[in-house]
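Asks: Below: one structure in structure tokens.
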Amino acid sequence: MRTLLVGSLLLLTLYTAPALAQRTVIFPEFASGGGWSSEFFFTNQGLSQATGITVSFFSSSGGAISVNSNIGANSTLKFALNAGATQLIKIQSPDAVVSGYAIATYPASAPIRASVILRCEQNGVLYTEVSLAQQEKGDHFSFPVENSGTFPKTALALVNPVAYNSSDPIAQTIILNLIKTDGTIQSTQKVTLQPGEHLARYVDELFPNAGVFAGSMSVSSPFGVGVLALRQENNSFYPIAVDGGPVLGAFMLSSAAILEIEPNDTEATAQNISGSAVIAGTIWRPGDQDVYKFTGKAGDIVSVICTTLGLASNLDSIIEIWDSNKHLIATNDQNGLAPNLYPQNDSFIQTVLPTDDAYFIRVVDFWNLGDPKYVYRLHIRLQ
Ligand SMILES: [Ca+2]
Ligand SMILES: [Ca+2]
């Protein structure tokens with residue numbers, strides 16, 4: 001359904017934002033100095049020249065870092081790539097250690113891929129050489145975690161890039177869940193990052209009670225973050241594949257579904273929900289909206305899954321959470337699971353409530369369509 005209509009959506013996008021459309025990707029970690037070096041490779045996979053490509057470097061606090069490179073010294077390096085061409089950017093090592101993250105921007109239509117090789121050498125001995133691919137913007141991520149108290153250790157880096165929210169830089173509270181091998185949640189942590197901030201920690205620093213652990217970590221943010229995971233053995237680091245999707249099963253509820261009650265299309269007619277609940281609803285006509293109201297406290301975590309799994313539904317959901325002042329807290333269209341592999345039309349939000357307030361969850365169809373077959377289950381989990 002989405003695939004059939006992508007052409008018209010693309011035309012709409014081009015019409016509303018014709019010339020300046022850009023794609024932003026992130027490298028959640030880079031380092032140079034003190035034996036560390038970083039080499040970036042940008043390749044134009046397309047058939048025409050791409051101009052105005054930028055890569056910018058930031059410290060852990062989000063300030064611009066000027067780097068010395070083979071194509072010049074600056075905090076933002078700009079270049080063009082002919083079709084098929086590769087640009088190598090080698091950050092030349094200063095004496096002091098410089099670390100942080102990098103953001104690259106490409107013309108939206110240019111198929112450019114990039115990776116960075118982080119290398120650490122001490123007294124002629126190579127300890128670490130890690131190749132990391134560029135990361136696309138996403139709200140949800142997950143990756144495997146192992147913690148033993150000694151080695152191997154899992155480390156992660158999180159970034160709240162200003163470039164993702166350039167019109168209105170905001171602090172973001174990121175939710176980290178340690179999920180056991182049986183699919184249940186061992187523990188949950190909240191990490192707030194100021195605009196531009198970068199944080200690198202071992203898993204057992206973020207979860208001091210992790211103990212001997214094997215499983216996965218699910219990461220959720222309201223407006224997109226950068227996430228990197230590394231495995232450390234003694235002095236060496238190895239990359240861990242970070243998937244651009246959450247672990248959903250841990251947040252499904254098994255309680256009996258409550259039936260949706262229409263009319264519920266506005267805040268005034270919203271259906272009240274107390275505590276965690278599963279709702280059986282339907283976007284029963286084109287333009288239908290279903291609004292649910294709950295009371296939350298500052299710091300509460302709310303997880304919402306809108307799923308059509310097993311329902312033979314045509315719904316392509318979008319879900320949103322609003323506060324009582326009509327301020328959008330979080331929104332999700334596709335849940336981030338790998339495209340072309342899994343049903344992509346379901347939605348997932350996991351977010352921290354900012355204040356004590358009445359909140360509204362709104363369910364709509366992406367295409368503004370609807371009929372009695374547009375059924376869904378809404379799993380609302382408050383903790
Ligand atoms: Ca409905
Ligand atoms: Ca409705």
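By convention in this document, the chains of the structure tokens carry letters A, B, ... by their order, each chain's residues are numbered from 1, and ligands are numbered from 1 in the order they are shown.
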Going by DSSP on the backbone, which residues of region 124-338 of chain A come out as alpha helix (DSSP H)? List them as a ChimeraX atom specification.
Replies: /A:203-206
Asks: Put those residues in a file: all heavy atoms, as a compact mmCIF listing (two decimals), in the first residue's frame.
Replies:
# COMPACT_ATOMS: atom_id res chain seq x y z
N VAL A 203 28.19 -0.32 29.42
CA VAL A 203 26.84 -0.72 29.83
C VAL A 203 26.72 -0.79 31.35
O VAL A 203 25.73 -0.35 31.93
CB VAL A 203 26.46 -2.07 29.17
CG1 VAL A 203 25.24 -2.68 29.84
CG2 VAL A 203 26.19 -1.86 27.68
N ASP A 204 27.79 -1.31 32.02
CA ASP A 204 27.66 -1.44 33.48
C ASP A 204 27.86 -0.11 34.21
O ASP A 204 27.66 -0.04 35.42
CB ASP A 204 28.58 -2.54 34.03
CG ASP A 204 30.04 -2.33 33.70
OD1 ASP A 204 30.37 -1.27 33.13
OD2 ASP A 204 30.85 -3.21 34.01
N GLU A 205 28.23 0.95 33.49
CA GLU A 205 28.19 2.29 34.10
C GLU A 205 26.76 2.83 34.05
O GLU A 205 26.32 3.54 34.94
CB GLU A 205 29.12 3.24 33.36
CG GLU A 205 30.59 2.92 33.55
CD GLU A 205 31.48 3.89 32.77
OE1 GLU A 205 31.40 3.92 31.53
OE2 GLU A 205 32.25 4.61 33.42
N LEU A 206 26.06 2.50 32.96
CA LEU A 206 24.66 2.97 32.84
C LEU A 206 23.72 2.08 33.64
O LEU A 206 22.68 2.54 34.11
CB LEU A 206 24.25 2.97 31.36
CG LEU A 206 24.97 4.02 30.51
CD1 LEU A 206 24.83 3.70 29.04
CD2 LEU A 206 24.43 5.41 30.80
Asks: Report the residues of region 75-240 of chain A whose backbone DSSP state falls under strand (DSSP E or B), written as a ChimeraX atom specification.
Replies: /A:76-81,86-91,98-107,112-122,125-133,135-136,138-147,153-159,172-180,185-193,198-202,213-233,236-240
Asks: If you count only C-alpha atoms and all ligand atoms, which residues end up within 6 Å of ligand 2, as a count of residues only?
Replies: 7
Asks: Produce as a CSV table (one decimal) with all heavy atoms, in the first residue's frame the set of residues near ligand 1, where near means within 12 Å with only C-alpha atoms and all ligand atoms considered.
Replies:
chain,number,residue,atom,x,y,z
A,259,LEU,N,-12.6,-2.4,24.4
A,259,LEU,CA,-13.2,-1.9,23.1
A,259,LEU,C,-13.1,-0.4,23.0
A,259,LEU,O,-13.4,0.3,24.0
A,259,LEU,CB,-14.6,-2.4,22.9
A,259,LEU,CG,-14.8,-3.9,22.6
A,259,LEU,CD1,-16.3,-4.2,22.4
A,259,LEU,CD2,-14.0,-4.3,21.3
A,260,GLU,N,-12.7,0.1,21.9
A,260,GLU,CA,-12.7,1.5,21.6
A,260,GLU,C,-14.2,2.0,21.7
A,260,GLU,O,-15.1,1.2,21.3
A,260,GLU,CB,-12.2,1.7,20.2
A,260,GLU,CG,-12.3,3.1,19.7
A,260,GLU,CD,-12.3,3.2,18.2
A,260,GLU,OE1,-12.2,2.2,17.5
A,260,GLU,OE2,-12.4,4.3,17.7
A,261,ILE,N,-14.4,3.2,22.2
A,261,ILE,CA,-15.7,3.8,22.2
A,261,ILE,C,-15.8,5.1,21.4
A,261,ILE,O,-15.1,6.0,21.7
A,261,ILE,CB,-16.2,4.1,23.6
A,261,ILE,CG1,-16.1,2.8,24.5
A,261,ILE,CG2,-17.6,4.7,23.6
A,261,ILE,CD1,-16.3,3.1,26.0
A,262,GLU,N,-16.5,5.0,20.2
A,262,GLU,CA,-16.7,6.2,19.4
A,262,GLU,C,-17.9,7.0,20.0
A,262,GLU,O,-18.8,6.4,20.6
A,262,GLU,CB,-17.0,5.8,18.0
A,262,GLU,CG,-15.8,5.2,17.2
A,262,GLU,CD,-14.9,6.3,16.6
A,262,GLU,OE1,-15.1,7.5,16.9
A,262,GLU,OE2,-14.0,5.9,15.9
A,263,PRO,N,-18.0,8.3,19.8
A,263,PRO,CA,-17.1,9.2,19.1
A,263,PRO,C,-15.9,9.5,20.0
A,263,PRO,O,-16.1,9.7,21.2
A,263,PRO,CB,-17.9,10.4,18.8
A,263,PRO,CG,-18.9,10.5,19.9
A,263,PRO,CD,-19.2,9.1,20.2
A,264,ASN,N,-14.7,9.5,19.4
A,264,ASN,CA,-13.5,9.8,20.2
A,264,ASN,C,-12.5,10.5,19.3
A,264,ASN,O,-11.3,10.4,19.5
A,264,ASN,CB,-12.9,8.4,20.7
A,264,ASN,CG,-12.5,7.5,19.5
A,264,ASN,OD1,-12.7,7.9,18.3
A,264,ASN,ND2,-12.0,6.3,19.7
A,265,ASP,N,-13.0,11.4,18.4
A,265,ASP,CA,-12.2,12.0,17.4
A,265,ASP,C,-11.4,13.3,17.9
A,265,ASP,O,-10.6,13.8,17.2
A,265,ASP,CB,-13.0,12.4,16.2
A,265,ASP,CG,-13.4,11.2,15.4
A,265,ASP,OD1,-13.4,10.1,16.0
A,265,ASP,OD2,-13.7,11.3,14.2
A,266,THR,N,-11.8,13.8,19.1
A,266,THR,CA,-11.2,15.0,19.6
A,266,THR,C,-10.7,14.9,21.0
A,266,THR,O,-11.1,13.9,21.7
A,266,THR,CB,-12.3,16.2,19.6
A,266,THR,OG1,-13.3,15.8,20.5
A,266,THR,CG2,-12.9,16.4,18.2
A,270,ALA,N,-12.3,12.4,24.0
A,270,ALA,CA,-11.3,11.3,24.1
A,270,ALA,C,-11.7,10.2,25.1
A,270,ALA,O,-12.4,10.5,26.1
A,270,ALA,CB,-9.9,11.9,24.5
A,271,GLN,N,-11.4,9.0,24.8
A,271,GLN,CA,-11.7,7.9,25.6
A,271,GLN,C,-10.7,7.8,26.8
A,271,GLN,O,-9.4,7.8,26.5
A,271,GLN,CB,-11.7,6.6,24.8
A,271,GLN,CG,-12.1,5.3,25.6
A,271,GLN,CD,-12.3,4.1,24.7
A,271,GLN,OE1,-12.4,4.3,23.5
A,271,GLN,NE2,-12.4,3.0,25.3
A,279,ILE,N,-6.2,-1.7,23.8
A,279,ILE,CA,-7.5,-1.3,23.2
A,279,ILE,C,-7.6,-1.9,21.8
A,279,ILE,O,-6.7,-1.9,21.0
A,279,ILE,CB,-7.5,0.3,23.1
A,279,ILE,CG1,-7.4,0.9,24.5
A,279,ILE,CG2,-8.7,0.8,22.3
A,279,ILE,CD1,-7.0,2.3,24.5
A,280,ALA,N,-8.9,-2.4,21.5
A,280,ALA,CA,-9.2,-2.9,20.2
A,280,ALA,C,-10.0,-1.7,19.5
A,280,ALA,O,-11.1,-1.4,19.9
A,280,ALA,CB,-10.1,-4.1,20.3
A,281,GLY,N,-9.4,-1.1,18.5
A,281,GLY,CA,-10.0,0.0,17.8
A,281,GLY,C,-10.0,-0.2,16.3
A,281,GLY,O,-9.5,-1.1,15.7
A,282,THR,N,-10.7,0.7,15.7
A,282,THR,CA,-10.9,0.7,14.2
A,282,THR,C,-10.9,2.1,13.7
A,282,THR,O,-11.6,3.0,14.2
A,282,THR,CB,-12.3,0.1,13.8
A,282,THR,OG1,-12.4,-1.2,14.5
A,282,THR,CG2,-12.4,-0.2,12.3
A,283,ILE,N,-10.2,2.4,12.6
A,283,ILE,CA,-10.3,3.6,11.9
A,283,ILE,C,-11.4,3.4,10.9
A,283,ILE,O,-11.2,2.9,9.8
A,283,ILE,CB,-9.0,4.0,11.2
A,283,ILE,CG1,-7.9,4.3,12.3
A,283,ILE,CG2,-9.1,5.3,10.3
A,283,ILE,CD1,-8.2,5.4,13.3
A,284,TRP,N,-12.7,3.6,11.3
A,284,TRP,CA,-13.8,3.0,10.6
A,284,TRP,C,-14.3,3.8,9.3
A,284,TRP,O,-15.1,3.2,8.6
A,284,TRP,CB,-15.0,2.9,11.6
A,284,TRP,CG,-15.6,4.3,12.0
A,284,TRP,CD1,-15.0,5.1,12.9
A,284,TRP,CD2,-16.7,4.9,11.5
A,284,TRP,NE1,-15.8,6.2,13.0
A,284,TRP,CE2,-16.9,6.1,12.2
A,284,TRP,CE3,-17.7,4.5,10.5
A,284,TRP,CZ2,-17.9,7.0,11.9
A,284,TRP,CZ3,-18.7,5.4,10.3
A,284,TRP,CH2,-18.8,6.7,10.9
A,285,ARG,N,-13.8,5.0,9.1
A,285,ARG,CA,-14.1,5.7,7.9
A,285,ARG,C,-12.9,6.6,7.6
A,285,ARG,O,-12.1,6.9,8.4
A,285,ARG,CB,-15.4,6.6,8.1
A,285,ARG,CG,-15.2,7.6,9.2
A,285,ARG,CD,-16.3,8.7,9.2
A,285,ARG,NE,-16.2,9.5,10.4
A,285,ARG,CZ,-15.3,10.6,10.5
A,285,ARG,NH1,-14.5,10.9,9.5
A,285,ARG,NH2,-15.3,11.3,11.6
A,286,PRO,N,-12.8,7.0,6.3
A,286,PRO,CA,-11.8,8.0,5.9
A,286,PRO,C,-11.8,9.2,6.8
A,286,PRO,O,-12.9,9.8,7.1
A,286,PRO,CB,-12.1,8.3,4.5
A,286,PRO,CG,-12.8,7.1,4.0
A,286,PRO,CD,-13.7,6.6,5.1
A,287,GLY,N,-10.7,9.6,7.4
A,287,GLY,CA,-10.7,10.8,8.2
A,287,GLY,C,-10.9,10.5,9.7
A,287,GLY,O,-10.8,11.4,10.5
A,288,ASP,N,-11.3,9.3,10.1
A,288,ASP,CA,-11.5,8.9,11.5
A,288,ASP,C,-10.2,9.2,12.2
A,288,ASP,O,-9.1,8.9,11.7
A,288,ASP,CB,-11.9,7.5,11.6
A,288,ASP,CG,-12.3,7.1,13.1
A,288,ASP,OD1,-12.6,8.0,13.8
A,288,ASP,OD2,-12.1,5.9,13.4
A,289,GLN,N,-10.3,9.7,13.5
A,289,GLN,CA,-9.2,9.8,14.4
A,289,GLN,C,-9.6,9.2,15.7
A,289,GLN,O,-10.8,9.3,16.1
A,289,GLN,CB,-8.8,11.2,14.7
A,289,GLN,CG,-8.7,12.1,13.4
A,289,GLN,CD,-8.2,13.5,13.8
A,289,GLN,OE1,-7.3,13.7,14.6
A,289,GLN,NE2,-8.9,14.5,13.3
A,290,ASP,N,-8.8,8.5,16.4
A,290,ASP,CA,-9.1,7.9,17.7
A,290,ASP,C,-8.2,8.5,18.7
A,290,ASP,O,-6.9,8.4,18.6
A,290,ASP,CB,-8.9,6.4,17.6
A,290,ASP,CG,-10.0,5.7,16.7
A,290,ASP,OD1,-10.9,6.4,16.3
A,290,ASP,OD2,-9.8,4.6,16.3
A,291,VAL,N,-8.8,9.1,19.7
A,291,VAL,CA,-8.0,9.8,20.7
A,291,VAL,C,-8.3,9.2,22.1
A,291,VAL,O,-9.4,8.9,22.5
A,291,VAL,CB,-8.4,11.3,20.8
A,291,VAL,CG1,-7.5,12.1,21.8
A,291,VAL,CG2,-8.2,11.9,19.4
A,292,TYR,N,-7.2,8.9,22.8
A,292,TYR,CA,-7.3,8.3,24.1
A,292,TYR,C,-6.5,9.2,25.1
A,292,TYR,O,-5.5,9.8,24.8
A,292,TYR,CB,-6.6,6.9,24.1
A,292,TYR,CG,-7.2,6.0,23.1
A,292,TYR,CD1,-6.7,5.8,21.8
A,292,TYR,CD2,-8.4,5.3,23.4
A,292,TYR,CE1,-7.3,5.1,20.8
A,292,TYR,CE2,-9.0,4.5,22.4
A,292,TYR,CZ,-8.4,4.4,21.1
A,292,TYR,OH,-9.1,3.6,20.2
A,315,LEU,N,-4.9,-0.9,7.9
A,315,LEU,CA,-4.4,0.3,8.5
A,315,LEU,C,-2.9,0.5,8.4
A,315,LEU,O,-2.1,-0.4,8.6
A,315,LEU,CB,-4.8,0.3,10.0
A,315,LEU,CG,-4.3,1.5,10.8
A,315,LEU,CD1,-5.0,2.8,10.4
A,315,LEU,CD2,-4.5,1.3,12.3
A,317,SER,N,-0.8,2.8,10.3
A,317,SER,CA,-1.0,3.8,11.4
A,317,SER,C,0.1,4.8,11.5
A,317,SER,O,1.2,4.6,11.1
A,317,SER,CB,-1.0,3.0,12.7
A,317,SER,OG,0.2,2.3,12.9
A,362,ARG,N,-3.1,9.8,19.9
A,362,ARG,CA,-4.0,9.9,18.7
A,362,ARG,C,-3.5,8.9,17.7
A,362,ARG,O,-2.3,8.8,17.4
A,362,ARG,CB,-3.9,11.3,18.1
A,362,ARG,CG,-4.9,11.7,17.1
A,362,ARG,CD,-4.9,13.1,16.7
A,362,ARG,NE,-3.8,13.5,15.8
A,362,ARG,CZ,-4.0,13.8,14.5
A,362,ARG,NH1,-5.2,14.0,14.1
A,362,ARG,NH2,-2.9,14.1,13.8
A,363,VAL,N,-4.5,8.1,17.2
A,363,VAL,CA,-4.2,7.1,16.1
A,363,VAL,C,-4.9,7.6,14.8
A,363,VAL,O,-6.2,7.9,14.9
A,363,VAL,CB,-4.8,5.7,16.5
A,363,VAL,CG1,-4.5,4.7,15.4
A,363,VAL,CG2,-4.3,5.3,17.9
A,364,VAL,N,-4.2,7.6,13.7
A,364,VAL,CA,-4.8,8.0,12.4
A,364,VAL,C,-4.2,7.1,11.4
A,364,VAL,O,-3.2,6.4,11.6
A,364,VAL,CB,-4.5,9.5,12.0
A,364,VAL,CG1,-5.2,10.4,13.0
A,364,VAL,CG2,-3.0,9.8,11.9
A,365,ASP,N,-4.8,7.1,10.2
A,365,ASP,CA,-4.3,6.3,9.1
A,365,ASP,C,-3.4,7.3,8.3
A,365,ASP,O,-3.7,8.4,8.0
A,365,ASP,CB,-5.4,5.8,8.2
A,365,ASP,CG,-4.8,5.1,7.0
A,365,ASP,OD1,-4.1,4.0,7.2
A,365,ASP,OD2,-5.0,5.5,5.8
A,369,LEU,N,-7.3,7.2,5.1
A,369,LEU,CA,-8.4,6.3,4.6
A,369,LEU,C,-8.9,5.5,5.8
A,369,LEU,O,-8.4,5.7,7.0
A,369,LEU,CB,-7.8,5.3,3.6
A,369,LEU,CG,-7.2,5.9,2.4
A,369,LEU,CD1,-6.5,4.8,1.5
A,369,LEU,CD2,-8.3,6.6,1.6
A,370,GLY,N,-10.0,4.8,5.6
A,370,GLY,CA,-10.5,4.0,6.7
A,370,GLY,C,-11.8,3.3,6.3
A,370,GLY,O,-12.5,3.7,5.4
A,371,ASP,N,-12.0,2.1,6.9
A,371,ASP,CA,-13.3,1.4,6.8
A,371,ASP,C,-13.3,0.3,7.9
A,371,ASP,O,-12.3,0.2,8.6
A,371,ASP,CB,-13.5,0.8,5.4
A,371,ASP,CG,-12.5,-0.3,5.0
A,371,ASP,OD1,-12.1,-1.1,5.9
A,371,ASP,OD2,-12.2,-0.4,3.8
A,372,PRO,N,-14.3,-0.5,8.0
A,372,PRO,CA,-14.3,-1.4,9.2
A,372,PRO,C,-13.2,-2.4,9.2
A,372,PRO,O,-13.0,-3.1,10.2
A,372,PRO,CB,-15.7,-2.1,9.0
A,372,PRO,CG,-16.6,-1.0,8.3
A,372,PRO,CD,-15.6,-0.4,7.3
A,373,LYS,N,-12.5,-2.5,8.1
A,373,LYS,CA,-11.3,-3.4,8.1
A,373,LYS,C,-10.0,-2.8,8.6
A,373,LYS,O,-9.0,-3.5,8.7
A,373,LYS,CB,-11.0,-3.9,6.7
A,373,LYS,CG,-12.1,-4.9,6.1
A,373,LYS,CD,-11.7,-5.4,4.8
A,373,LYS,CE,-12.7,-6.3,4.2
A,373,LYS,NZ,-12.6,-6.5,2.7
A,374,TYR,N,-10.1,-1.5,9.0
A,374,TYR,CA,-8.9,-0.8,9.4
A,374,TYR,C,-8.8,-1.0,11.0
A,374,TYR,O,-8.8,0.0,11.7
A,374,TYR,CB,-8.9,0.7,9.0
A,374,TYR,CG,-8.5,0.9,7.6
A,374,TYR,CD1,-9.2,0.3,6.5
A,374,TYR,CD2,-7.5,1.8,7.3
A,374,TYR,CE1,-8.8,0.5,5.2
A,374,TYR,CE2,-7.1,2.1,6.0
A,374,TYR,CZ,-7.7,1.4,5.0
A,374,TYR,OH,-7.4,1.6,3.7
A,375,VAL,N,-8.6,-2.2,11.4
A,375,VAL,CA,-8.6,-2.5,12.8
A,375,VAL,C,-7.2,-2.5,13.4
A,375,VAL,O,-6.2,-2.7,12.6
A,375,VAL,CB,-9.3,-3.9,13.1
A,375,VAL,CG1,-10.8,-3.8,12.9
A,375,VAL,CG2,-8.6,-5.0,12.3
A,376,TYR,N,-7.1,-2.3,14.7
A,376,TYR,CA,-5.7,-2.3,15.3
A,376,TYR,C,-5.9,-2.6,16.8
A,376,TYR,O,-7.0,-2.6,17.3
A,376,TYR,CB,-5.1,-0.9,15.2
A,376,TYR,CG,-5.9,0.2,15.9
A,376,TYR,CD1,-5.7,0.5,17.2
A,376,TYR,CD2,-6.8,1.0,15.2
A,376,TYR,CE1,-6.4,1.5,17.9
A,376,TYR,CE2,-7.5,2.0,15.8
A,376,TYR,CZ,-7.3,2.3,17.1
A,376,TYR,OH,-8.0,3.2,17.7
A,377,ARG,N,-4.7,-3.0,17.4
A,377,ARG,CA,-4.6,-3.2,18.8
A,377,ARG,C,-3.6,-2.1,19.3
A,377,ARG,O,-2.5,-2.0,18.7
A,377,ARG,CB,-4.2,-4.6,19.2
A,377,ARG,CG,-5.1,-5.7,18.9
A,377,ARG,CD,-6.3,-5.7,19.7
A,377,ARG,NE,-7.2,-6.8,19.4
A,377,ARG,CZ,-8.1,-6.8,18.4
A,377,ARG,NH1,-8.3,-5.7,17.7
A,377,ARG,NH2,-8.9,-7.9,18.1
A,378,LEU,N,-4.0,-1.4,20.3
A,378,LEU,CA,-3.1,-0.4,20.8
A,378,LEU,C,-2.7,-0.8,22.2
A,378,LEU,O,-3.5,-1.0,23.1
A,378,LEU,CB,-3.9,1.0,20.9
A,378,LEU,CG,-3.1,2.2,21.1
A,378,LEU,CD1,-2.2,2.5,19.9
A,378,LEU,CD2,-4.0,3.4,21.4
Asks: Write out as a PyMOL selection string the residues lying within 7 Å of Pro111 (chain A), counting only C-alpha atoms and excluding same-chain residues fewer than 2 positions away.
Replies: chain A and resi 44-46+109+113
Asks: Between A:Gln135, A:Met252, A:Gly196, A:Ile305, which residue has the minimum interatomic distance to Thr184 (chain A), considering only C-alpha atoms?
Replies: A:Met252
Asks: Name all residues at most 8 Å from Gly296 (chain A) (count only C-alpha atoms; drop same-chain ones fewer than 3 positions away) and give them as a list in words.
Replies: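 Near neighbours after the sequence-gap exclusion: Asp300, Leu353, Thr355, Asp356, Asp357, Ala358 and Tyr359 of chain A.
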Asks: My list of candidates is A:Ser32, A:Ser56, A:Thr351, A:Ser187. Which is closest to Thr173 (chain A) when distances are computed with only C-alpha atoms?
Replies: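 Result for the nearest residue to Thr173 (chain A): A:Thr351.
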Asks: Quick one, how far is CA of Thr188 (chain A) from CA of Gly149 (chain A)?
Replies: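 Calculated distance between CA of Thr188 (chain A) and CA of Gly149 (chain A) is 19.0 Å.
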Asks: Could you state the separation of CA of Thr86 (chain A) and CA of Phe237 (chain A) in Å, given to one decimal place?
Replies: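 Straight-line distance from CA of Thr86 (chain A) to CA of Phe237 (chain A) works out to 26.3 Å.
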Asks: Which residues, written as a CSV table (one decimal) with C-alpha atoms, in the first residue's frame, have at least one atom at most 6 Å from Asn160 (chain A), with only C-alpha atoms counted and residues fewer than 5 positions away on the same chain left out?
Replies:
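Everything below was put into selection.csv:
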chain,number,residue,atom,x,y,z
A,195,PRO,CA,21.3,19.8,22.4
A,196,GLY,CA,24.4,18.6,20.6
A,197,GLU,CA,25.6,16.4,23.6
A,225,VAL,CA,19.6,10.2,18.2
Asks: Return the single residue from A:Met217, A:Leu158, A:Ser255, A:Gly35 that is closest to Arg201 (chain A), with distances computed using only C-alpha atoms.
Replies: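 Closest candidate: A:Leu158.
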Asks: List the neighbours of Asn234 (chain A) out to 12 Å using only C-alpha atoms; skip same-chain residues closer than 2 positions along the sequence, and give me the result as JSON, numbers by chain.
Replies: {"A": [127, 128, 150, 151, 152, 153, 154, 231, 232, 236, 237, 238]}
Asks: If you keep N, CA, C and O atoms, can you produce a file of those selected residues as a PDB file, in the first residue's frame?
Replies:
ATOM      1  N   TYR A 127      46.143  -1.636  18.417  1.00  0.00           N
ATOM      2  CA  TYR A 127      45.200  -2.211  19.379  1.00  0.00           C
ATOM      3  C   TYR A 127      43.801  -2.338  18.787  1.00  0.00           C
ATOM      4  O   TYR A 127      43.085  -3.287  19.064  1.00  0.00           O
ATOM      5  N   THR A 128      43.404  -1.345  18.034  1.00  0.00           N
ATOM      6  CA  THR A 128      42.019  -1.290  17.574  1.00  0.00           C
ATOM      7  C   THR A 128      41.954  -0.746  16.169  1.00  0.00           C
ATOM      8  O   THR A 128      42.634   0.244  15.859  1.00  0.00           O
ATOM      9  N   THR A 150      34.114  -8.477  33.633  1.00  0.00           N
ATOM     10  CA  THR A 150      35.478  -8.239  33.122  1.00  0.00           C
ATOM     11  C   THR A 150      35.367  -7.992  31.624  1.00  0.00           C
ATOM     12  O   THR A 150      34.697  -7.067  31.211  1.00  0.00           O
ATOM     13  N   PHE A 151      36.007  -8.795  30.801  1.00  0.00           N
ATOM     14  CA  PHE A 151      35.861  -8.702  29.348  1.00  0.00           C
ATOM     15  C   PHE A 151      35.137  -9.934  28.841  1.00  0.00           C
ATOM     16  O   PHE A 151      35.276 -11.000  29.439  1.00  0.00           O
ATOM     17  N   PRO A 152      34.364  -9.853  27.770  1.00  0.00           N
ATOM     18  CA  PRO A 152      34.125  -8.656  26.967  1.00  0.00           C
ATOM     19  C   PRO A 152      33.197  -7.677  27.680  1.00  0.00           C
ATOM     20  O   PRO A 152      32.371  -8.079  28.493  1.00  0.00           O
ATOM     21  N   LYS A 153      33.383  -6.403  27.341  1.00  0.00           N
ATOM     22  CA  LYS A 153      32.503  -5.364  27.852  1.00  0.00           C
ATOM     23  C   LYS A 153      31.833  -4.693  26.664  1.00  0.00           C
ATOM     24  O   LYS A 153      32.452  -4.545  25.607  1.00  0.00           O
ATOM     25  N   THR A 154      30.598  -4.283  26.865  1.00  0.00           N
ATOM     26  CA  THR A 154      29.895  -3.556  25.805  1.00  0.00           C
ATOM     27  C   THR A 154      29.883  -2.078  26.162  1.00  0.00           C
ATOM     28  O   THR A 154      29.567  -1.712  27.295  1.00  0.00           O
ATOM     29  N   ARG A 231      32.287  -3.521  21.315  1.00  0.00           N
ATOM     30  CA  ARG A 231      32.634  -4.595  22.243  1.00  0.00           C
ATOM     31  C   ARG A 231      34.122  -4.455  22.529  1.00  0.00           C
ATOM     32  O   ARG A 231      34.920  -4.289  21.602  1.00  0.00           O
ATOM     33  N   GLN A 232      34.470  -4.505  23.794  1.00  0.00           N
ATOM     34  CA  GLN A 232      35.880  -4.367  24.155  1.00  0.00           C
ATOM     35  C   GLN A 232      36.423  -5.670  24.723  1.00  0.00           C
ATOM     36  O   GLN A 232      35.815  -6.287  25.598  1.00  0.00           O
ATOM     37  N   SER A 236      41.331  -3.759  22.980  1.00  0.00           N
ATOM     38  CA  SER A 236      40.807  -3.626  21.621  1.00  0.00           C
ATOM     39  C   SER A 236      39.285  -3.499  21.603  1.00  0.00           C
ATOM     40  O   SER A 236      38.593  -4.152  22.383  1.00  0.00           O
ATOM     41  N   PHE A 237      38.807  -2.668  20.678  1.00  0.00           N
ATOM     42  CA  PHE A 237      37.370  -2.498  20.480  1.00  0.00           C
ATOM     43  C   PHE A 237      36.957  -3.121  19.145  1.00  0.00           C
ATOM     44  O   PHE A 237      37.719  -3.073  18.175  1.00  0.00           O
ATOM     45  N   TYR A 238      35.755  -3.667  19.115  1.00  0.00           N
ATOM     46  CA  TYR A 238      35.199  -4.247  17.892  1.00  0.00           C
ATOM     47  C   TYR A 238      33.797  -3.687  17.688  1.00  0.00           C
ATOM     48  O   TYR A 238      33.066  -3.474  18.660  1.00  0.00           O
TER      49      TYR A 238
END
Asks: Name the closest residue to Ala85 (chain A) among the candidates A:Ser115, A:Gln49, A:Thr308, A:Val191; distances are taken between atoms, counting only C-alpha atoms.
Replies: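 Distance minimum relative to Ala85 (chain A) lands on A:Gln49.
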